[in-house]
Amino acid sequence: LMRISKHPDTPAIVPEMTEDAAGEQSLNDENLTAIIGLLKRATGVDFSHYKTSTIRRRIIRRMLIYRLQTLDDYYKHIKENAGEVTILYQDILINVTSFFRDPDAMEYVKKTLLPKVLKAKGPSEAIRIWVPACATGEEAYSMAITLMEAVSDKDMPPVQIFATDLSDVCIAKARIGFYAPSDLANVSPARLKRFFEKIDGGYRLVKSIRDLCVFANHNVFKDPPFSRLDFISCCNLMIYLDGTLQKKLMTIFHYALTRNGYLILGKSETVSTSPQLFSQLEKKYKVFVPKKDTTTRPIFDTPFRVNDTETGKNAGIEKLLSKKDVVRTEVERTIETLLLREYIPPSVVVNLHMDILHFYGSTGFFLEPSHGKASLNLLKMARPGLTYELRNSIHKASKSGERVRKEGLQIKSKEGTHSIAIEVMPLTSNGDDPLYLVVFERSTTLLPSDERDSLSKDKMVKQLQDELTIAKEDMHSIIEEQEASMEELQSASEEIISSNEELQSINEELETSKEEVESANEELLTINAELQLRNEQLAESYEYAETVFETLGEAVLVVTKDFRVKTANKSFYTIFQVSEKETEGMLLFELGNKQWNILRLRELMEEVISDNKSFRGFEMSHTFPKIGHKTMLLNARRILQKIHRQQLIVLTIQDITELRQGEKIIREQEAWFRNMTNNVPVMIWRSGTDKGCSFVNSTWLQFTGRKLEQELGMGWTESIHPDDCEECIRIYMRSFDKRKPFKTECRLRRHDGEFRWVIKEEQPIFSAEGEFLGYIASCTEIHEKKLAHQEMEARVAQRTTELKEALEELAYTNDELSQFAYVASHDLQEPLRKIITYTDRLTDKRKVWTKDEKAHLDKIINSSERMRRLINDLLNFSKTARSNKAFKKVELAEIVNEALKDLDLKIDEKRAKINVRSSLAVEGNALQLYQLFYNLIGNALNFSIESKPPLITVTSKKLSRTKLASYTALDQKSNYVEIVVKDNGIGFKPEFAEQIFAIFQRLNTSEKYAGSGIGLALCRKIVTNHRGIIFAESTPGEGSSFHIILPVKQMYVTS
């Protein structure tokens, strides 16, 4: 502030507000009172009991910023600018704080006070802490961190930390808990790592700490306080308040704390205004506890101002000093002369407090050290019987200023009872405190016992009464003197308290000034940091601009207002193949072969300087000395350097020779394209990136009978048939967005009004660099072809309907045949059972048969058995045909094993060996798959070679995609399983590989090999039901292999 005030640009402060005069200005100043009133009306906070010096300094600071010279000027300014009230309000609050401002006190809280509070708390009782005037939250968060360090997470009780402040801005910042690295100077690295997280160049308190603290806007003097608090941490608030508010604040704190609570104040703060409410717990730390014999109830009202005369402040009091008096040489010589005259009896020199300063002679008979702590106090060292008389005598001597002598005193020793006398003499001293010489005298003879006994009783009583009377007088005198001393001490105490208050006030003022300086320093640091940042940004911007200037591909010239070249970039020297010496400092219009000396260019450049007009797109063609004929595009604008007040022109020169040549080529190509498209017998249509039509050829216009202007944009859609238009536009828009080619058919209105079918094929157009340019379309008339196609489609539809009806009739016939087969096989069962029954009866009734009879009987039995098998096979076939295909997941190995169990007798009979290697599953009908494997394995057993036991293997594996491609009848997107049933039986010729699956087809008619000719047909039917295929491979005499391919999952088709 001192440096700012001395700055040459800062106006001088009038004497009214200079540092000396301002110190004499009081709150009675009308403008100052009015400003405080404005603050109260705007913020609701009354600063009338705020330290006047603090308010005055903050106002002077604002006056220096606005260069205002009187308080009246500032009052007018603050009345006219409502925002200034808020700024002054925030400025007066002086929100200066830091983390762990008093680390020793916080350590004392953590190690000593917190354990006591935690021990006294129940498991569910919360620790309640209040941090008033919390500013930006550092003090509250310091308490939270201290608490977290003192208590483990496991033992953490409920915690409530209430942090309040008048400033909404500070409260908002405190709630966020984000601080710059400079704010964390007092935070140790361990705490920084544990309780902070680094974000955005700063640090933020972790959520567990932020959750402990509740921040709120609160006026401690108007709003009700918190209650039942264990701690109140209020550092450096009272230094800004006068005595009235300090007393009120202490009353509020005493009310808010529990009986065992603690009040923590700043280093410069005390409870001197309310000593009856608090006592200091530890002298080293500013920690106070409420006195338990005092009750308070705070009253919340608007504070009022009291006069300075009512505060009891005094200019000063005399200091009361306690010091050991030193007896000077002159006094010592006086005492020595007196003692010599009195034969140097045992004596001591004491002060008013009975402290012995010097010993003379042998005093051991009268004085001796007392037990306990060493002391030179006369009364503590005196032998029994002398204490009262010594105190009484010294008191009388100090009061009268004369000698006091006491005789007839008795003390006991080992030899007996001695009669002694004491004499007290006031001494003359240059010191502040009076001194006294106490002389002891002892009788040389002991009192005989018979003499003591002969004392009369009356004399003893009279002596005791006299001593009692003297004692009462002495006591009365002592009491009066003590009361007088007490009044003097009370007066001195009040003066000391007053002096202490003044010292405290001075200390608070110094602390306030210190904090204001800190605040100013912080602001200066902030300004310096911002200035440093601005310098860095300026340097960065300069470097950036210089880099851009030097790396621009275009030539750039910087020209002064008299059109001389100040500087040029590298591109200029490279493009025009000139040097700096040939360019800088030269007149623009004289460069090279005066290629820039163009009249219109001169006029434009002069307008840039005189009228601050910029120009763009000035094009010139010229044959330059070293680079030949070029076409250049010039742009220029004025820049004004604020520091040097210099006008400059930035001239950019772009070589557009190749661009103009390219444009010429494009124009030629477009002319060729238009000529070509207008002469082809196909309608050509083109659109740009905006989806609108940009060109149609003459064939299109001739067909539609419209003009080019009518077709542009979306006008071309007007010729499309209304029934086709919406769908045509939808397909076009969708394909345009996806940049995909498409083909569509629609009806287009011809010039005679007839709608004709056309096919439109569109392709996206891309540049050589891959940039999308639009679409090009060709339209070809297909009217006759379309009509023929529609007629063909009608015929196909009619034929499809006929085929569908035929298929339905065939399906109906097949269903009837299946039902007939089922009914027929069922009806044949009854006569067959009768034949078999009567044959069995004949066999049982007659035991002996002729050879011919036996042969005929065997034929009947064999024929009946074949008939039974045929009927069963026919029945199974019909069931398969009528299956509803109820599919579910089945394990192939389980199905095969069930079939083997039912064939076990035949397997044992044939002594067959069966190998099953299958671990796959498919979706299928378990009953049908059982019939499949039962028939295939049964056939392998039936058609085996008698000379060797049957060897049958059943394997399964997943069908590869390569092998799947060879089976075109299968769905190529599905997954399949291949099952192979292989035997070593009689086999068959390869040409019968397909014939064997026909119904009632038997390759071997010998009676040796039984069969109905239905089994393999049933197998194919089952596989077909499962959307698979079956085929067989065989070599006669070597065996057969049956391949079944089934899908892993069935496709369910809803008809």
# chains A, B, ... in the order shown; residues from 1 in each chain; ligands from 1
$ residues_around --residues "Ile1044 (chain A)" --least-positions-apart "5" --cutoff "10 Å" --atoms "only C-alpha atoms" --output "ChimeraX atom specification"
/A:932,956,977-981,1019-1020,1023,1028-1032
$ write_last_selection --atoms "C-alpha atoms" --output "mmCIF file, in the first residue's frame"
data_model
loop_
_atom_site.group_PDB
_atom_site.id
_atom_site.type_symbol
_atom_site.label_atom_id
_atom_site.label_comp_id
_atom_site.auth_asym_id
_atom_site.auth_seq_id
_atom_site.Cartn_x
_atom_site.Cartn_y
_atom_site.Cartn_z
ATOM 1 C CA LEU A 932 -33.039 -94.025 -36.985
ATOM 2 C CA SER A 956 -19.931 -88.071 -34.812
ATOM 3 C CA VAL A 977 -23.055 -82.548 -37.155
ATOM 4 C CA GLU A 978 -21.957 -85.508 -39.303
ATOM 5 C CA ILE A 979 -22.812 -89.016 -37.925
ATOM 6 C CA VAL A 980 -21.323 -92.124 -39.553
ATOM 7 C CA VAL A 981 -22.613 -95.684 -38.919
ATOM 8 C CA CYS A 1019 -34.490 -93.473 -41.880
ATOM 9 C CA ARG A 1020 -34.516 -91.001 -44.767
ATOM 10 C CA VAL A 1023 -33.530 -87.284 -41.390
ATOM 11 C CA GLY A 1028 -30.772 -83.032 -42.774
ATOM 12 C CA ILE A 1029 -29.496 -85.445 -45.405
ATOM 13 C CA ILE A 1030 -28.526 -89.151 -45.416
ATOM 14 C CA PHE A 1031 -26.512 -91.052 -47.964
ATOM 15 C CA ALA A 1032 -24.664 -94.388 -48.083
#
$ closest_residue --among "A:Ile145, A:Leu427, A:Leu71, A:Cys234" --to "Asp165 (chain A)" --atoms "only C-alpha atoms"
A:Cys234
$ select_by_dssp --residues "region 105-276 of chain A" --states "strand (DSSP E)" --output "VMD selection string"
chain A and resid 127 to 131 159 to 165 178 to 179 196 to 199 202 to 205 213 to 217 229 to 234 257 to 265
$ write_last_selection --atoms "C-alpha atoms" --output "PDB file, in the first residue's frame"
ATOM      1  CA  ILE A 127     -18.284 -34.912  18.156  1.00  0.00           C
ATOM      2  CA  ARG A 128     -19.572 -31.415  17.360  1.00  0.00           C
ATOM      3  CA  ILE A 129     -17.178 -28.690  16.244  1.00  0.00           C
ATOM      4  CA  TRP A 130     -17.920 -25.097  15.192  1.00  0.00           C
ATOM      5  CA  VAL A 131     -15.519 -22.966  13.168  1.00  0.00           C
ATOM      6  CA  VAL A 159     -18.527 -36.156  13.464  1.00  0.00           C
ATOM      7  CA  GLN A 160     -20.228 -32.825  12.745  1.00  0.00           C
ATOM      8  CA  ILE A 161     -18.021 -29.867  11.826  1.00  0.00           C
ATOM      9  CA  PHE A 162     -20.017 -26.676  11.264  1.00  0.00           C
ATOM     10  CA  ALA A 163     -18.068 -23.994   9.391  1.00  0.00           C
ATOM     11  CA  THR A 164     -19.728 -20.596   8.993  1.00  0.00           C
ATOM     12  CA  ASP A 165     -18.860 -17.221   7.514  1.00  0.00           C
ATOM     13  CA  PHE A 178     -10.053 -26.923  -4.128  1.00  0.00           C
ATOM     14  CA  TYR A 179      -6.797 -25.050  -3.373  1.00  0.00           C
ATOM     15  CA  PHE A 196      -5.738 -34.408  -1.078  1.00  0.00           C
ATOM     16  CA  GLU A 197      -6.101 -35.413  -4.716  1.00  0.00           C
ATOM     17  CA  LYS A 198      -4.343 -33.520  -7.490  1.00  0.00           C
ATOM     18  CA  ILE A 199      -6.640 -32.145 -10.209  1.00  0.00           C
ATOM     19  CA  GLY A 202      -4.259 -27.761  -7.856  1.00  0.00           C
ATOM     20  CA  TYR A 203      -5.384 -29.990  -5.013  1.00  0.00           C
ATOM     21  CA  ARG A 204      -8.816 -30.947  -3.728  1.00  0.00           C
ATOM     22  CA  LEU A 205      -9.704 -32.414  -0.333  1.00  0.00           C
ATOM     23  CA  CYS A 213     -17.640 -30.361   7.090  1.00  0.00           C
ATOM     24  CA  VAL A 214     -20.913 -28.483   6.645  1.00  0.00           C
ATOM     25  CA  PHE A 215     -20.447 -24.916   5.321  1.00  0.00           C
ATOM     26  CA  ALA A 216     -23.143 -22.264   5.764  1.00  0.00           C
ATOM     27  CA  ASN A 217     -23.607 -18.511   5.631  1.00  0.00           C
ATOM     28  CA  LEU A 229     -20.370 -28.188  21.037  1.00  0.00           C
ATOM     29  CA  ASP A 230     -17.161 -29.943  22.008  1.00  0.00           C
ATOM     30  CA  PHE A 231     -14.850 -27.499  20.242  1.00  0.00           C
ATOM     31  CA  ILE A 232     -15.077 -23.938  18.953  1.00  0.00           C
ATOM     32  CA  SER A 233     -12.126 -22.845  16.821  1.00  0.00           C
ATOM     33  CA  CYS A 234     -12.326 -19.079  16.266  1.00  0.00           C
ATOM     34  CA  LEU A 257     -20.008 -25.113  24.491  1.00  0.00           C
ATOM     35  CA  THR A 258     -20.665 -28.112  26.676  1.00  0.00           C
ATOM     36  CA  ARG A 259     -19.355 -28.056  30.235  1.00  0.00           C
ATOM     37  CA  ASN A 260     -16.315 -30.026  29.045  1.00  0.00           C
ATOM     38  CA  GLY A 261     -15.891 -28.127  25.761  1.00  0.00           C
ATOM     39  CA  TYR A 262     -12.861 -26.198  24.531  1.00  0.00           C
ATOM     40  CA  LEU A 263     -12.469 -22.754  22.940  1.00  0.00           C
ATOM     41  CA  ILE A 264      -9.480 -22.245  20.614  1.00  0.00           C
ATOM     42  CA  LEU A 265      -8.469 -18.650  19.814  1.00  0.00           C
TER      43      LEU A 265
END
$ residues_around --residues "Asp562 (chain A)" --least-positions-apart "5" --cutoff "12 Å" --atoms "only C-alpha atoms" --output "PyMOL selection string"
chain A and resi 585-589+602+605-606+608-610+646-649
$ closest_residue --among "A:Phe695, A:Asp655, A:Ser1040, A:Ile720" --to "Arg674 (chain A)" --atoms "only C-alpha atoms"
A:Phe695
$ closest_residue --among "A:Thr428, A:Tyr66, A:Asn31, A:Ala150" --to "Glu107 (chain A)" --atoms "only C-alpha atoms"
A:Ala150
$ select_by_dssp --residues "region 526-661 of chain A" --states "helix (DSSP H, G or I)" --output "count of residues only"
54
$ residues_around --residues "region 270-276 of chain A" --least-positions-apart "3" --cutoff "7 Å" --atoms "only C-alpha atoms" --output "PyMOL selection string"
chain A and resi 243+246-247+250+279
